[in-house]
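Structure file structure.txt; described as compact mmCIF, C-alpha atoms.
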```txt
# COMPACT_ATOMS: atom_id res chain seq x y z
CA MET S 610 32.34 41.66 -103.24
CA SER S 611 35.80 40.49 -102.17
CA ASN S 612 37.78 41.87 -99.28
CA PRO S 613 40.79 43.89 -100.60
CA PHE S 614 42.80 43.10 -97.45
CA THR S 615 42.78 39.35 -98.12
CA LYS S 616 43.95 39.65 -101.75
CA VAL S 617 47.40 38.18 -102.31
CA PRO S 618 49.63 40.68 -104.16
CA THR S 619 51.06 39.72 -107.52
CA GLN S 620 54.80 39.58 -108.16
CA ALA S 621 54.63 42.86 -110.09
CA GLU S 622 52.92 44.54 -107.11
CA ARG S 623 55.55 43.13 -104.75
CA ASP S 624 58.33 44.43 -106.99
CA ALA S 625 56.73 47.88 -107.18
CA GLY S 626 56.40 47.97 -103.39
CA ALA S 627 60.04 46.94 -102.96
CA ARG S 628 61.18 49.69 -105.36
CA VAL S 629 59.23 52.29 -103.39
CA MET S 630 60.57 51.10 -100.05
CA ASP S 631 64.16 51.01 -101.41
CA SER S 632 63.90 54.64 -102.49
CA CYS S 633 66.27 56.96 -100.65
CA ALA S 634 63.53 59.58 -100.29
CA VAL S 635 61.21 57.09 -98.59
CA LYS S 636 64.01 55.88 -96.30
CA ALA S 637 64.86 59.46 -95.36
CA GLY S 638 61.19 60.23 -94.75
CA PHE S 639 60.68 57.21 -92.51
CA SER S 640 63.88 58.03 -90.63
CA GLY S 641 62.71 61.61 -90.15
CA VAL S 642 59.39 60.43 -88.71
CA ALA S 643 61.13 57.94 -86.42
CA GLY S 644 63.66 60.60 -85.40
CA TYR S 645 60.82 62.96 -84.58
CA GLY S 646 59.24 60.39 -82.27
CA ILE S 647 62.49 59.45 -80.56
CA GLY S 648 63.46 63.11 -80.23
CA ALA S 649 60.11 63.96 -78.65
CA VAL S 650 60.52 61.25 -76.02
CA PHE S 651 64.17 62.12 -75.46
CA GLY S 652 63.36 65.82 -75.09
CA LEU S 653 60.51 65.10 -72.71
CA VAL S 654 62.72 62.95 -70.47
CA LEU S 655 65.60 65.42 -70.48
CA SER S 656 63.35 68.42 -69.89
CA GLY S 657 62.03 66.70 -66.78
CA ILE S 658 65.49 66.66 -65.22
CA GLU S 659 66.59 70.10 -66.43
CA PHE S 660 66.06 73.03 -64.08
CA SER S 661 66.97 75.98 -66.30
CA SER S 662 63.68 77.84 -65.78
CA PRO S 663 63.44 79.73 -62.51
CA VAL S 664 60.44 78.89 -60.37
CA ASP S 665 58.06 81.80 -59.78
CA THR S 666 57.29 81.43 -56.09
CA SER S 667 54.58 84.10 -56.22
CA ALA S 668 52.52 82.04 -58.71
CA THR S 669 49.98 79.48 -57.60
CA THR S 670 50.77 75.79 -57.79
CA LYS S 671 48.44 75.40 -60.77
CA GLN S 672 50.23 78.20 -62.66
CA GLN S 673 53.62 76.71 -61.84
CA ILE S 674 52.53 73.30 -63.13
CA LYS S 675 51.22 74.88 -66.35
CA THR S 676 54.51 76.71 -66.83
CA VAL S 677 56.56 73.55 -66.25
CA PHE S 678 54.42 71.52 -68.68
CA ARG S 679 54.62 74.27 -71.30
CA ASP S 680 58.42 74.33 -70.99
CA MET S 681 58.56 70.54 -71.21
CA GLY S 682 56.40 70.60 -74.34
CA ASN S 683 58.53 73.29 -75.98
CA LYS S 684 61.76 71.44 -75.25
CA SER S 685 60.28 68.16 -76.41
CA LEU S 686 59.11 69.74 -79.68
CA SER S 687 62.50 71.37 -80.26
CA SER S 688 64.32 68.09 -79.64
CA ALA S 689 61.88 66.23 -81.89
CA LYS S 690 62.50 68.63 -84.78
CA ASN S 691 66.28 68.41 -84.37
CA PHE S 692 66.29 64.61 -84.26
CA ALA S 693 63.98 64.43 -87.29
CA ILE S 694 66.25 66.66 -89.37
CA MET S 695 69.39 64.83 -88.27
CA ALA S 696 67.90 61.38 -88.94
CA ALA S 697 66.54 62.35 -92.35
CA ILE S 698 69.84 63.90 -93.49
CA TYR S 699 71.90 60.95 -92.24
CA SER S 700 69.63 58.25 -93.63
CA GLY S 701 69.18 59.97 -96.98
CA SER S 702 72.87 60.67 -97.46
CA GLU S 703 73.87 57.15 -96.40
CA CYS S 704 71.35 55.66 -98.84
CA MET S 705 72.60 57.84 -101.71
CA ILE S 706 76.25 57.08 -100.94
CA GLU S 707 75.53 53.35 -100.69
CA SER S 708 73.61 53.45 -103.98
CA TYR S 709 76.44 55.29 -105.70
CA ARG S 710 79.22 53.05 -104.34
CA ALA S 711 77.21 49.82 -104.65
CA ARG S 712 78.80 48.59 -101.41
CA ASN S 713 77.61 48.27 -97.85
CA ASP S 714 80.54 48.98 -95.54
CA ILE S 715 81.72 51.31 -92.79
CA TYR S 716 82.80 53.99 -95.27
CA ASN S 717 79.18 54.71 -96.16
CA SER S 718 78.42 55.46 -92.50
CA VAL S 719 81.52 57.60 -92.10
CA ALA S 720 80.76 59.61 -95.25
CA ALA S 721 77.09 60.01 -94.27
CA GLY S 722 78.17 61.15 -90.81
CA CYS S 723 80.48 63.71 -92.37
CA VAL S 724 77.71 64.99 -94.66
CA THR S 725 75.28 65.18 -91.75
CA GLY S 726 77.69 66.94 -89.39
CA GLY S 727 78.79 69.40 -92.04
CA THR S 728 75.22 70.15 -93.09
CA LEU S 729 74.02 70.70 -89.53
CA ALA S 730 76.97 73.03 -88.83
CA MET S 731 76.52 75.00 -92.05
CA ARG S 732 75.74 78.27 -90.27
CA THR S 733 78.98 78.19 -88.25
CA GLY S 734 81.32 78.52 -91.23
CA PRO S 735 84.02 76.27 -92.67
CA ARG S 736 85.72 75.47 -89.36
CA GLY S 737 82.46 74.53 -87.72
CA MET S 738 81.49 72.44 -90.71
CA ALA S 739 84.83 70.61 -90.61
CA ALA S 740 84.43 69.97 -86.88
CA GLY S 741 80.85 68.78 -87.37
CA CYS S 742 81.95 66.54 -90.21
CA ALA S 743 84.77 65.02 -88.16
CA GLY S 744 82.61 64.58 -85.05
CA PHE S 745 79.68 62.95 -86.78
CA ALA S 746 81.98 60.80 -88.94
CA ALA S 747 83.83 59.53 -85.86
CA PHE S 748 80.58 58.84 -84.03
CA SER S 749 79.14 57.05 -87.07
CA ALA S 750 82.30 54.96 -87.42
CA ALA S 751 82.19 53.99 -83.75
CA ILE S 752 78.51 53.01 -83.90
CA ASP S 753 78.92 51.12 -87.18
CA TRP S 754 81.99 49.28 -85.87
CA TYR S 755 80.17 48.32 -82.68
CA MET S 756 77.05 47.15 -84.52
CA HIS S 757 79.05 45.04 -87.01
CA LYS S 758 82.03 43.89 -84.95
CA ASP S 759 80.78 40.28 -84.92
CA ASP S 760 80.28 40.08 -88.71
```
Would you put the structure from the file into structure tokens?
Amino acid sequence: MSNPFTKVPTQAERDAGARVMDSCAVKAGFSGVAGYGIGAVFGLVLSGIEFSSPVDTSATTKQQIKTVFRDMGNKSLSSAKNFAIMAAIYSGSECMIESYRARNDIYNSVAAGCVTGGTLAMRTGPRGMAAGCAGFAAFSAAIDWYMHKDD
């Protein structure tokens, strides 16, 4: 019996794998998972330096530690969810825009930033959506310019 992990894939299998990995849904999914991980770490670090919860001085030290860890976990989870949603929307919209335009330039990032900002600010109304669109588009343009300024 041969080992399936040592089998060299055929060209057809490589092409099928490339098509799956180039799919916008897969890219958005991977970005969401990565965003979740980064958001969890980011939320954990920031919750450690945030002192918004009052300390109950009548509680024992063990109870206070449990409360602090519970708050840190809740903030970390909240941040992880937000980063996952933001990363998935941005990555998916950028992939779709790039596929439609058949170009890879700064305008894809700006448009994806606008879509992401507007989508995340949907509950705030048209003004909030416009501000979210402008803010995310500007941030995306700045990051894309910085990352590709030597090209």
- Query: For the point (64.3, 58.9, -79.4) in file coordinates, what residues are within 12 Å, counting only C-alpha atoms? Give the answer as a list in words?
  - Reply: Ser640, Gly641, Val642, Ala643, Gly644, Tyr645, Gly646, Ile647, Gly648, Ala649, Val650, Phe651, Gly652, Leu653, Val654, Leu655, Ser685, Ser688, Ala689, Lys690, Asn691, Phe692, Ala693, Met695 and Ala696 of chain S
One residue among S:Cys633, S:Met756, S:Ala747, S:Met731 is nearest to Glu703 of chain S when using only C-alpha atoms, and that residue is S:Cys633
Selection near Ala743 of chain S, 8 Å with only C-alpha atoms, sequence-local residues under 4 positions removed, as number ranges by chain: S: 723, 726, 739, 747
Residue selection dump (C-alpha atoms) as a compact mmCIF listing (two decimals), keeping the file's coordinate frame:
```
# COMPACT_ATOMS: atom_id res chain seq x y z
CA CYS S 723 80.48 63.71 -92.37
CA GLY S 726 77.69 66.94 -89.39
CA ALA S 739 84.83 70.61 -90.61
CA ALA S 747 83.83 59.53 -85.86
```
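The neighbours of Val664 of chain S here are the residues that come within 12 Å of it, using all atoms listed in the file and leaving out any residue fewer than 2 positions away in the same chain; they are S:Phe660, S:Ser661, S:Ser662, S:Thr666, S:Ser667, S:Ala668, S:Thr669, S:Thr670, S:Gln672, S:Gln673, S:Ile674, S:Lys675, S:Thr676, S:Val677, S:Asp680.
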Fill in: Interatomic distance, atom CA of Ser702 of chain S to atom CA of Asp714 of chain S (Å, one decimal)
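It comes out at 14.1 Å.
Rounded to one decimal, atom CA of Gly682 of chain S and atom CA of Gly657 of chain S lie 10.2 Å from each other.
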Around all the atoms of segment 721-727 of chain S listed in the file, with 8 Å of room on each side, what axis-aligned box do you get, giving centre and edge lengths in Å to one decimal, as JSON?
```
{"center_x": 77.9, "center_y": 64.7, "center_z": -92.0, "size_x": 21.2, "size_y": 25.4, "size_z": 21.3}
```
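Counting only C-alpha atoms, the residue from S:Val617, S:Ala751, S:Ala711, S:Cys704 that sits nearest to Ser632 of chain S is S:Cys704.
Between atom CA of Phe639 of chain S and atom CA of Met681 of chain S there is a distance of 25.2 Å.
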